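This report refers to the structure that appears directly beneath it.
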Amino acid sequence: MSGLELRELHGVAEFGSASLLYADIWGTGPAGAPVSAEVMRALAHAGNYVAGAYEDGRLVGASVAFFGTPAGTTLHSHITGAAMGRGIGLALKLHQRQWALARGLKRITWTYDPLIRRNAHFNLVKLGARPEEYLRSFYGAMDDAINGGDESDRVLTAWDLTASAPASGTPDFDVPAAAAHGVRDRGGHPELGTTGEEFILIDLPDDIEALRRRDAGAARAWRLAVRHTLGGLLAEGAQVVGFHNRRSYVVHRTTPSVTHAAERTRSHP
């Protein structure tokens, strides 16, 4: 972004500003900020990644990451927050990528709520990262403006730094005609389908954050449907290979399920 300054943070006042920015984004109030200035100070002093994005001298985004496992290869990005809709989040992630590469790292991991469509699109399409593991209620219930008291299911996502840097993003995945719908959006509610085909689509709700405020029961139904379907597929070794039409995970399984294979054998002797 033109006019955006990206740099590591070092001073106590800078960490304080980042903590207040996080509190504003997550709607927690200063005392409940997702990361305190003291923690950022300690992480930065220990050599980890704490960076900010400035626009006209004002902090508009911040990111915190620390070294993870396998040691010497991985950076784990704990939190990134930015003003929405202006490319600041992407600029921060690319800055984080360069920081990691300069230290000989090969991948960056992070977690995100699999129900939030804009985050799924950003991570899979714009960055080319891929979910690896489904983590049920990873942080417990979180009562902030974004999570709304919902269980904090997350997917652990990995960004391969040995691949080419993203340009304009990965194109929309070309879904095979035979793909099955594991979860389908039916009038704003999830409908469970089959997961036996080679490619499975998992729809997401239009806006889970608004749905939590409007209809907690429907939001809970989406949580359970995606947990059951996406979580189950990842546990079986299936891979998320793309994100279709800004709505659906595309999951690939190398072998059909045992049940589905048996059904096909009976249907086609």
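Convention: chains lettered A, B, ... in structure tokens order; per-chain residue numbering from 1; ligands numbered from 1 as shown.
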All alpha helix (DSSP H) residues (DSSP, backbone) inside stretch 28-124 of chain A, as a ChimeraX atom specification
/A:37-45,88-102,117-121
Find the spatial neighbours of A:His10, counting only C-alpha atoms, within a cut-off of 10 Å - ignore same-chain residues fewer than 2 positions away - and output them as a PyMOL selection string.
chain A and resi 7-8+12-15+40-41+44-45+50-51
Counting only C-alpha atoms, figure out which residue out of A:Ser36, A:Gln98, A:Thr109, A:Thr195 gets nearest to A:Ala238.
A:Thr195
Using only C-alpha atoms, which residues of stretch 155-244 of chain A come within 12 Å of stretch 52-73 of chain A, and what is the closest atom pair for each, with the distance in Å to one decimal? Give it as a Markdown table, sorted by chain and residue number.
```
| residue | atom | partner | partner_atom | distance |
| --- | --- | --- | --- | --- |
| A:Ala158 | CA | A:Gly68 | CA | 11.8 |
| A:Trp159 | CA | A:Thr73 | CA | 11.8 |
| A:Asp160 | CA | A:Thr73 | CA | 10.5 |
| A:Leu161 | CA | A:Thr73 | CA | 9.9 |
| A:Thr162 | CA | A:Thr73 | CA | 10.9 |
```
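The list of residues with at least one atom within 9 Å of A:Leu234, based on only C-alpha atoms and without residues fewer than 6 positions apart in the same chain, reads A:Pro131, A:Glu132, A:Glu133, A:Tyr134, A:Val240, A:Val251.
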Got a sec to tell me which of stretch 79-135 of chain A DSSP assigns to strand (DSSP E or B), as a PyMOL selection string?
chain A and resi 79-82+107-112+130-135
Would you export the selected residues with N, CA and C atoms as a PDB file, in the first residue's frame, please?
```
ATOM      1  N   ILE A  79      -1.452 -13.324  16.522  1.00  0.00           N
ATOM      2  CA  ILE A  79      -2.538 -12.380  16.304  1.00  0.00           C
ATOM      3  C   ILE A  79      -2.125 -11.329  15.277  1.00  0.00           C
ATOM      4  N   THR A  80      -3.043 -11.012  14.385  1.00  0.00           N
ATOM      5  CA  THR A  80      -2.870  -9.910  13.439  1.00  0.00           C
ATOM      6  C   THR A  80      -4.195  -9.164  13.368  1.00  0.00           C
ATOM      7  N   GLY A  81      -4.152  -7.872  13.592  1.00  0.00           N
ATOM      8  CA  GLY A  81      -5.366  -7.065  13.533  1.00  0.00           C
ATOM      9  C   GLY A  81      -5.111  -5.799  12.749  1.00  0.00           C
ATOM     10  N   ALA A  82      -6.083  -5.394  11.946  1.00  0.00           N
ATOM     11  CA  ALA A  82      -5.897  -4.219  11.096  1.00  0.00           C
ATOM     12  C   ALA A  82      -7.236  -3.607  10.746  1.00  0.00           C
ATOM     13  N   ARG A 107       8.170 -21.836   7.133  1.00  0.00           N
ATOM     14  CA  ARG A 107       6.710 -21.771   7.150  1.00  0.00           C
ATOM     15  C   ARG A 107       6.232 -20.911   8.304  1.00  0.00           C
ATOM     16  N   ILE A 108       5.009 -20.396   8.139  1.00  0.00           N
ATOM     17  CA  ILE A 108       4.333 -19.645   9.194  1.00  0.00           C
ATOM     18  C   ILE A 108       3.002 -20.339   9.461  1.00  0.00           C
ATOM     19  N   THR A 109       2.698 -20.555  10.716  1.00  0.00           N
ATOM     20  CA  THR A 109       1.414 -21.144  11.089  1.00  0.00           C
ATOM     21  C   THR A 109       0.590 -20.139  11.871  1.00  0.00           C
ATOM     22  N   TRP A 110      -0.707 -20.317  11.867  1.00  0.00           N
ATOM     23  CA  TRP A 110      -1.609 -19.533  12.720  1.00  0.00           C
ATOM     24  C   TRP A 110      -2.942 -20.247  12.795  1.00  0.00           C
ATOM     25  N   THR A 111      -3.792 -19.785  13.688  1.00  0.00           N
ATOM     26  CA  THR A 111      -5.139 -20.344  13.796  1.00  0.00           C
ATOM     27  C   THR A 111      -6.156 -19.273  13.436  1.00  0.00           C
ATOM     28  N   TYR A 112      -7.304 -19.712  12.945  1.00  0.00           N
ATOM     29  CA  TYR A 112      -8.417 -18.783  12.702  1.00  0.00           C
ATOM     30  C   TYR A 112      -9.727 -19.539  12.843  1.00  0.00           C
ATOM     31  N   ARG A 130      -2.848 -23.155   3.900  1.00  0.00           N
ATOM     32  CA  ARG A 130      -3.738 -24.318   3.907  1.00  0.00           C
ATOM     33  C   ARG A 130      -3.982 -24.821   5.326  1.00  0.00           C
ATOM     34  N   PRO A 131      -5.264 -25.057   5.695  1.00  0.00           N
ATOM     35  CA  PRO A 131      -5.566 -25.643   7.005  1.00  0.00           C
ATOM     36  C   PRO A 131      -4.987 -27.045   7.131  1.00  0.00           C
ATOM     37  N   GLU A 132      -4.457 -27.357   8.317  1.00  0.00           N
ATOM     38  CA  GLU A 132      -3.861 -28.669   8.556  1.00  0.00           C
ATOM     39  C   GLU A 132      -4.557 -29.454   9.665  1.00  0.00           C
ATOM     40  N   GLU A 133      -5.133 -28.766  10.637  1.00  0.00           N
ATOM     41  CA  GLU A 133      -5.693 -29.460  11.799  1.00  0.00           C
ATOM     42  C   GLU A 133      -6.868 -28.671  12.350  1.00  0.00           C
ATOM     43  N   TYR A 134      -7.919 -29.392  12.750  1.00  0.00           N
ATOM     44  CA  TYR A 134      -9.083 -28.763  13.367  1.00  0.00           C
ATOM     45  C   TYR A 134      -8.929 -28.839  14.882  1.00  0.00           C
ATOM     46  N   LEU A 135      -9.013 -27.689  15.548  1.00  0.00           N
ATOM     47  CA  LEU A 135      -8.799 -27.599  16.994  1.00  0.00           C
ATOM     48  C   LEU A 135     -10.115 -27.192  17.663  1.00  0.00           C
TER      49      LEU A 135
END
```
Residue neighbourhood A:Leu230, 12 Å, only C-alpha atoms, exclusion window fewer than 3 positions, as a ChimeraX atom specification:
/A:114-115,131-136,153-155,181-183,192,194-195,200-204,222-227,233-240,248-253
Skipping near chain neighbours, those fewer than 3 positions away, what residues fall within 8 Å of stretch 205-207 of chain A using only C-alpha atoms, listed as an MDAnalysis selection string?
chainID A and resid 115:117 185 188:190 210:211 222 247
Could you please take those selected residues and save N, CA, C and O atoms as a CSV table (one decimal), in the first residue's frame?
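Ended up saving to selection.csv:
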```
chain,number,residue,atom,x,y,z
A,115,LEU,N,-15.3,-20.6,10.6
A,115,LEU,CA,-16.6,-20.1,10.2
A,115,LEU,C,-16.6,-18.7,9.6
A,115,LEU,O,-17.6,-18.3,9.0
A,116,ILE,N,-15.5,-18.0,9.7
A,116,ILE,CA,-15.5,-16.6,9.2
A,116,ILE,C,-15.0,-16.6,7.8
A,116,ILE,O,-13.9,-16.8,7.5
A,117,ARG,N,-16.0,-16.3,6.9
A,117,ARG,CA,-15.7,-16.4,5.4
A,117,ARG,C,-14.6,-15.5,5.0
A,117,ARG,O,-13.7,-15.9,4.2
A,185,ASP,N,-25.5,-24.6,2.6
A,185,ASP,CA,-26.3,-23.5,3.1
A,185,ASP,C,-27.7,-23.6,2.5
A,185,ASP,O,-28.0,-23.5,1.3
A,188,GLY,N,-29.8,-20.0,5.0
A,188,GLY,CA,-29.1,-19.5,6.2
A,188,GLY,C,-28.8,-20.6,7.3
A,188,GLY,O,-28.2,-20.2,8.3
A,189,HIS,N,-29.3,-21.8,7.1
A,189,HIS,CA,-29.0,-22.9,8.0
A,189,HIS,C,-28.2,-24.0,7.3
A,189,HIS,O,-28.3,-24.2,6.1
A,190,PRO,N,-27.4,-24.7,8.1
A,190,PRO,CA,-26.5,-25.7,7.5
A,190,PRO,C,-27.3,-27.0,7.3
A,190,PRO,O,-28.1,-27.4,8.2
A,210,ALA,N,-22.5,-11.7,12.7
A,210,ALA,CA,-23.9,-11.1,12.8
A,210,ALA,C,-24.9,-12.1,13.3
A,210,ALA,O,-25.8,-11.9,14.0
A,211,LEU,N,-24.7,-13.4,12.8
A,211,LEU,CA,-25.6,-14.5,13.1
A,211,LEU,C,-25.6,-14.8,14.6
A,211,LEU,O,-26.6,-15.1,15.2
A,222,TRP,N,-24.3,-24.1,12.8
A,222,TRP,CA,-23.2,-23.9,11.9
A,222,TRP,C,-21.9,-24.4,12.6
A,222,TRP,O,-21.1,-25.1,11.9
A,247,ARG,N,-17.2,-18.8,-0.6
A,247,ARG,CA,-18.2,-19.4,0.3
A,247,ARG,C,-17.9,-20.8,0.8
A,247,ARG,O,-18.2,-21.1,2.0
```
